[in-house]
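Trainee: Handing you this structure, nothing more for now.
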Amino acid sequence: MTKPLIVGIDGSDSSLRAIDWAVAEATRRDLPVKLVHGSLWERYEAVRPGFGTAVSAGHVMAEHIVASAAERVAKIAPELDVTTALAASDPGMALLREGEGATAIVVGTRGRGAITGMLLGSTSLEVAAYATCPVVVVRGEPPNVRGEFGRVSVGVGAPGESSAAVEFAFGAAQAREADLLAVHAWHRPARELPDTAHLSGDASDPEAHEAERSLGAALLATAQAYPKVTVQSRLPEGRAHTALLDAATASDLIVVGARRPRGGVGMQLGLVNHTVLHHAACPVAVVPQP
C-alpha cells in the first residue's frame with residue numbers, strides 16, 4: 001500500500017497553502033492524500049449540559065473545515081486519491097498519530113489561533129519536533145512555494161549523520177526534475193591562527209579538503225541511486241544555519257535532518273532546525289534520522 005501524504009488542515013490561510021503544496025507534491029509522486037483536522041470541540045462541549053439531539057456548533061465547524069478542504073483538493077486535482085479524518089483531539093497529537101507510516105506530514109506555518117507575530121505555530125513546531133516521518137512546513141516566499149527555482153537544497157553532515165535527509169532530498173529533486181544543492185558547512189579548528197597559510201582556501205588547506213571529502217562520501221551511495229539528478233555542492237566555512245538560509249532563498253524546498261535523542265525531553269530539534277523552520281524563504285522538510 002502506498003503511504004499517503006498527511007495534510008494538517010484548520011481552515012486558515014496557512015493551511016490552504018499547505019493543501020495546495022501537498023496536492024502538487026502528491027500529483028508529482030502519485031501519492032494518496034489524507035486531510036486531517038484535529039479539534040478539541042468534543043472535550044469542551046462535553047462539559048456543557050446537552051439539550052436534545054442537535055449537533056454542536058463545534059462539530060459543525062470542524063466538519064465544514066474538512067469538507068471545504070476536500071472540495072478544494074477535488075477542484076485542483078480531481079484524479080487524486082483523497083481521504084479525510086476528523087479527530088476529536090489536540091491537532092498536534094492527531095497529526096503525529098496519522099503520520100506513523102506516512103510518506104510525510106505537510107503543515108502550514110501558523111494556525112487559526114496563532115499569536116500575532118509568531119514565526120511558526122505551536123502545532124507545526126510540535127509535529128516537526130516529534131514526528132517519526134518527514135515533516136514539511138510550507139512557508140516562504142510565493143515563488144519558492146510555487147517551485148519556480150528548479151532546485152532542492154539539503155543540509156549534509158558527516159557520512160551517516162544525515163542519510164535519511166539526503167535520500168529524501170534526492171527523491172524530491174527527482175520528482176521535480178530539479179537540481180540538488182548539497183550544503184556542508186565546516187569549521188576550522190580554533191587552534192589555527194588567523195595568519196596561517198591554510199586560510200587561503202587552496203589545495204593545501206587540509207580542513208577544506210576534508211570537508212569536501214566528507215560531503216562526497218555522504219552523497220555517494222544515494223547519488224548513484226539517482227543518476228538523473230544533477231548535484232551541486234556548496235562548502236561554506238562558518239555556521240550551518242547561515243549557509244542553509246542563504247541556500248533557501250533560491251530553492252523550492254530545503255531539507256534538514258533531525259536526530260531524536262533517546263530519552264530526550266523537550267523539543268527534539270537543534271539550533272539549525274529551529275532557525276531554518278522559523279526563517280527560511282522556502283518550504284522546509286525535517287527528516288528524522290534513524
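A note on labels: chains of the C-alpha cells are A, B, ... as shown, every chain counts residues from 1, and ligands are counted from 1 in their shown order.
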Report as a ChimeraX atom specification: the residues of region 55-286 of chain A with a DSSP assignment of helix (DSSP H, G or I), based on the backbone of this structure.

Mentor: /A:57-76,91-98,122-130,142-146,163-176,197-200,206-225,240-248,271-279

Trainee: Leaving out Asp90 (chain A) and any residue of its chain fewer than 3 positions from it, which residues lie within 8 Å of it when counting only C-alpha atoms, given as a VMD selection string?

Mentor: chain A and resid 38 to 40 93 to 94

Trainee: Store the residues picked out above, limited to C-alpha atoms, as a short mmCIF file (atom, residue, chain, number, x, y, z; two decimals), in the first residue's frame.

Mentor:
data_model
loop_
_atom_site.label_atom_id
_atom_site.label_comp_id
_atom_site.auth_asym_id
_atom_site.auth_seq_id
_atom_site.Cartn_x
_atom_site.Cartn_y
_atom_site.Cartn_z
CA GLY A 38 -7.77 17.76 14.96
CA SER A 39 -10.18 19.69 17.16
CA LEU A 40 -10.96 19.70 20.88
CA MET A 93 -1.37 14.62 18.52
CA ALA A 94 -3.82 13.84 15.71
#

Trainee: Rounded to one decimal in Å, what is the spacing between CA of Leu235 (chain A) and CA of Ala258 (chain A)?

Mentor: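 Here the two named atoms are 20.2 Å from each other.
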
Trainee: Would you please work out which residue, of A:Ala248, A:Val156, A:Ala208, A:Ala70, is nearest to Glu141 (chain A) when using only C-alpha atoms?

Mentor: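 Selected residue with least distance to Glu141 (chain A): A:Ala248.
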
Trainee: Could you check the closest approach to Gly92 (chain A) for each of A:Ser68, A:Thr249, A:Thr222, A:Thr123 and tell me which residue wins, using only C-alpha atoms?

Mentor: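 Looking only at the distances to Gly92 (chain A), the closest residue turns out to be A:Thr123.
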
Trainee: Identify, on the basis of only C-alpha atoms, every residue whose closest approach to region 270-275 of chain A does not exceed 7 Å; exclude the query and any residue fewer than 2 positions from it along the same chain; express the result as a ChimeraX atom specification.

Mentor: /A:240-241,256,268,277-279

Trainee: Would you write out those residues with N, CA and C atoms, as a short mmCIF file (atom, residue, chain, number, x, y, z; two decimals), in the first residue's frame?

Mentor:
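Saved as out-v2.cif:
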data_model
loop_
_atom_site.label_atom_id
_atom_site.label_comp_id
_atom_site.auth_asym_id
_atom_site.auth_seq_id
_atom_site.Cartn_x
_atom_site.Cartn_y
_atom_site.Cartn_z
N ALA A 240 26.23 26.54 10.02
CA ALA A 240 25.37 25.78 9.12
C ALA A 240 24.04 26.49 8.86
N HIS A 241 23.43 27.07 9.89
CA HIS A 241 22.11 27.69 9.68
C HIS A 241 22.21 28.90 8.76
N VAL A 256 16.41 19.26 5.92
CA VAL A 256 17.35 19.13 7.03
C VAL A 256 17.05 17.85 7.78
N GLN A 268 12.64 18.11 20.29
CA GLN A 268 13.74 17.34 19.72
C GLN A 268 14.23 17.98 18.43
N LEU A 277 13.44 26.47 10.26
CA LEU A 277 11.98 26.41 10.32
C LEU A 277 11.35 27.78 10.51
N HIS A 278 12.00 28.63 11.26
CA HIS A 278 11.43 29.95 11.55
C HIS A 278 11.73 31.00 10.49
N HIS A 279 12.81 30.82 9.73
CA HIS A 279 13.26 31.93 8.88
C HIS A 279 13.49 31.60 7.41
#

Trainee: Fewer than 6 positions away in the same chain doesn't count, so skip those; otherwise give me all residues within 10 Å of Gln232 (chain A), counting only C-alpha atoms, as a list in words.

Mentor: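 Non-adjacent residues within range: Arg151, Ser153, Asp179, Leu180, Leu181, Ala182 and Val183 of chain A.
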
Trainee: Taking the DSSP assignment computed from this structure's backbone, write out as a PyMOL selection string all residues of region 86-137 of chain A that belong to strand (DSSP E).

Mentor: chain A and resi 86-87+104-107+135-137

Trainee: Restricted to all heavy atoms, what would the selected residues look like written as a PDB file, in the first residue's frame?

Mentor:
ATOM      1  N   LEU A  86     -11.412  13.386  10.837  1.00  0.00           N
ATOM      2  CA  LEU A  86     -11.770  14.402  11.814  1.00  0.00           C
ATOM      3  C   LEU A  86     -11.567  13.792  13.196  1.00  0.00           C
ATOM      4  O   LEU A  86     -12.269  12.864  13.595  1.00  0.00           O
ATOM      5  CB  LEU A  86     -13.223  14.834  11.626  1.00  0.00           C
ATOM      6  CG  LEU A  86     -13.819  15.791  12.667  1.00  0.00           C
ATOM      7  CD1 LEU A  86     -12.962  17.041  12.817  1.00  0.00           C
ATOM      8  CD2 LEU A  86     -15.249  16.150  12.291  1.00  0.00           C
ATOM      9  N   ALA A  87     -10.556  14.300  13.915  1.00  0.00           N
ATOM     10  CA  ALA A  87     -10.199  13.726  15.212  1.00  0.00           C
ATOM     11  C   ALA A  87     -10.564  14.688  16.334  1.00  0.00           C
ATOM     12  O   ALA A  87     -10.224  15.869  16.282  1.00  0.00           O
ATOM     13  CB  ALA A  87      -8.701  13.423  15.258  1.00  0.00           C
ATOM     14  N   ALA A 104       4.913  11.531   4.461  1.00  0.00           N
ATOM     15  CA  ALA A 104       5.289  12.782   5.122  1.00  0.00           C
ATOM     16  C   ALA A 104       4.035  13.435   5.671  1.00  0.00           C
ATOM     17  O   ALA A 104       2.914  13.129   5.253  1.00  0.00           O
ATOM     18  CB  ALA A 104       5.998  13.733   4.162  1.00  0.00           C
ATOM     19  N   ILE A 105       4.239  14.345   6.617  1.00  0.00           N
ATOM     20  CA  ILE A 105       3.174  15.216   7.119  1.00  0.00           C
ATOM     21  C   ILE A 105       3.440  16.606   6.574  1.00  0.00           C
ATOM     22  O   ILE A 105       4.566  17.101   6.635  1.00  0.00           O
ATOM     23  CB  ILE A 105       3.158  15.261   8.656  1.00  0.00           C
ATOM     24  CG1 ILE A 105       2.939  13.866   9.248  1.00  0.00           C
ATOM     25  CG2 ILE A 105       2.080  16.222   9.156  1.00  0.00           C
ATOM     26  CD1 ILE A 105       3.112  13.817  10.758  1.00  0.00           C
ATOM     27  N   VAL A 106       2.406  17.243   6.047  1.00  0.00           N
ATOM     28  CA  VAL A 106       2.523  18.586   5.495  1.00  0.00           C
ATOM     29  C   VAL A 106       1.674  19.533   6.337  1.00  0.00           C
ATOM     30  O   VAL A 106       0.483  19.294   6.543  1.00  0.00           O
ATOM     31  CB  VAL A 106       2.067  18.640   4.024  1.00  0.00           C
ATOM     32  CG1 VAL A 106       2.248  20.055   3.462  1.00  0.00           C
ATOM     33  CG2 VAL A 106       2.838  17.628   3.189  1.00  0.00           C
ATOM     34  N   VAL A 107       2.293  20.604   6.822  1.00  0.00           N
ATOM     35  CA  VAL A 107       1.580  21.581   7.648  1.00  0.00           C
ATOM     36  C   VAL A 107       1.933  22.993   7.192  1.00  0.00           C
ATOM     37  O   VAL A 107       2.942  23.215   6.525  1.00  0.00           O
ATOM     38  CB  VAL A 107       1.929  21.431   9.151  1.00  0.00           C
ATOM     39  CG1 VAL A 107       1.414  20.118   9.701  1.00  0.00           C
ATOM     40  CG2 VAL A 107       3.431  21.545   9.367  1.00  0.00           C
ATOM     41  N   VAL A 135       8.507  15.750   7.912  1.00  0.00           N
ATOM     42  CA  VAL A 135       7.506  16.802   8.072  1.00  0.00           C
ATOM     43  C   VAL A 135       7.892  17.972   7.175  1.00  0.00           C
ATOM     44  O   VAL A 135       9.029  18.443   7.228  1.00  0.00           O
ATOM     45  CB  VAL A 135       7.419  17.287   9.532  1.00  0.00           C
ATOM     46  CG1 VAL A 135       6.438  18.455   9.656  1.00  0.00           C
ATOM     47  CG2 VAL A 135       7.008  16.138  10.451  1.00  0.00           C
ATOM     48  N   VAL A 136       6.948  18.425   6.362  1.00  0.00           N
ATOM     49  CA  VAL A 136       7.187  19.577   5.503  1.00  0.00           C
ATOM     50  C   VAL A 136       6.372  20.748   6.029  1.00  0.00           C
ATOM     51  O   VAL A 136       5.140  20.659   6.138  1.00  0.00           O
ATOM     52  CB  VAL A 136       6.801  19.300   4.037  1.00  0.00           C
ATOM     53  CG1 VAL A 136       7.022  20.548   3.184  1.00  0.00           C
ATOM     54  CG2 VAL A 136       7.600  18.128   3.487  1.00  0.00           C
ATOM     55  N   VAL A 137       7.046  21.823   6.385  1.00  0.00           N
ATOM     56  CA  VAL A 137       6.381  23.066   6.799  1.00  0.00           C
ATOM     57  C   VAL A 137       6.375  23.994   5.600  1.00  0.00           C
ATOM     58  O   VAL A 137       7.431  24.413   5.120  1.00  0.00           O
ATOM     59  CB  VAL A 137       7.103  23.712   7.994  1.00  0.00           C
ATOM     60  CG1 VAL A 137       6.424  25.033   8.358  1.00  0.00           C
ATOM     61  CG2 VAL A 137       7.109  22.768   9.191  1.00  0.00           C
TER      62      VAL A 137
END

Trainee: If we count only C-alpha atoms, what is near Arg17 (chain A) at a cut-off of 10 Å, once residues fewer than 5 positions away on the same chain are taken out, given as a ChimeraX atom specification?

Mentor: /A:9,12,22-23,107-109,138-139,142,145-146

Trainee: Identify which of the residues A:Ser251, A:Ser89, A:Thr83, A:Gln174 lies closest to Pro143 (chain A), counting only C-alpha atoms when measuring atom-to-atom distances.

Mentor: A:Ser251

Trainee: Grab the CA of Ala129 (chain A) to CA of Leu269 (chain A) distance for me, in Å with one decimal place.

Mentor: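 Interatomic distance, CA of Ala129 (chain A) to CA of Leu269 (chain A): 5.6 Å.
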
Trainee: Measuring atom to atom with only C-alpha atoms, identify which of A:Asp252, A:Glu100, A:Glu63, A:Glu177 is nearest to Val231 (chain A).

Mentor: A:Glu177

Trainee: Just to confirm, what's the straight-line distance from CA of Val255 (chain A) to CA of Pro283 (chain A) in Å (one decimal)?

Mentor: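 Between these atoms lies a distance of 8.7 Å.
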
Trainee: When distances are computed from only C-alpha atoms, which of A:Asp205, A:Val229, A:Gly238, A:Ala172 shows the smallest separation from His184 (chain A)?

Mentor: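 Comparing A:Asp205, A:Val229, A:Gly238, A:Ala172 against His184 (chain A), the winner is A:Gly238.
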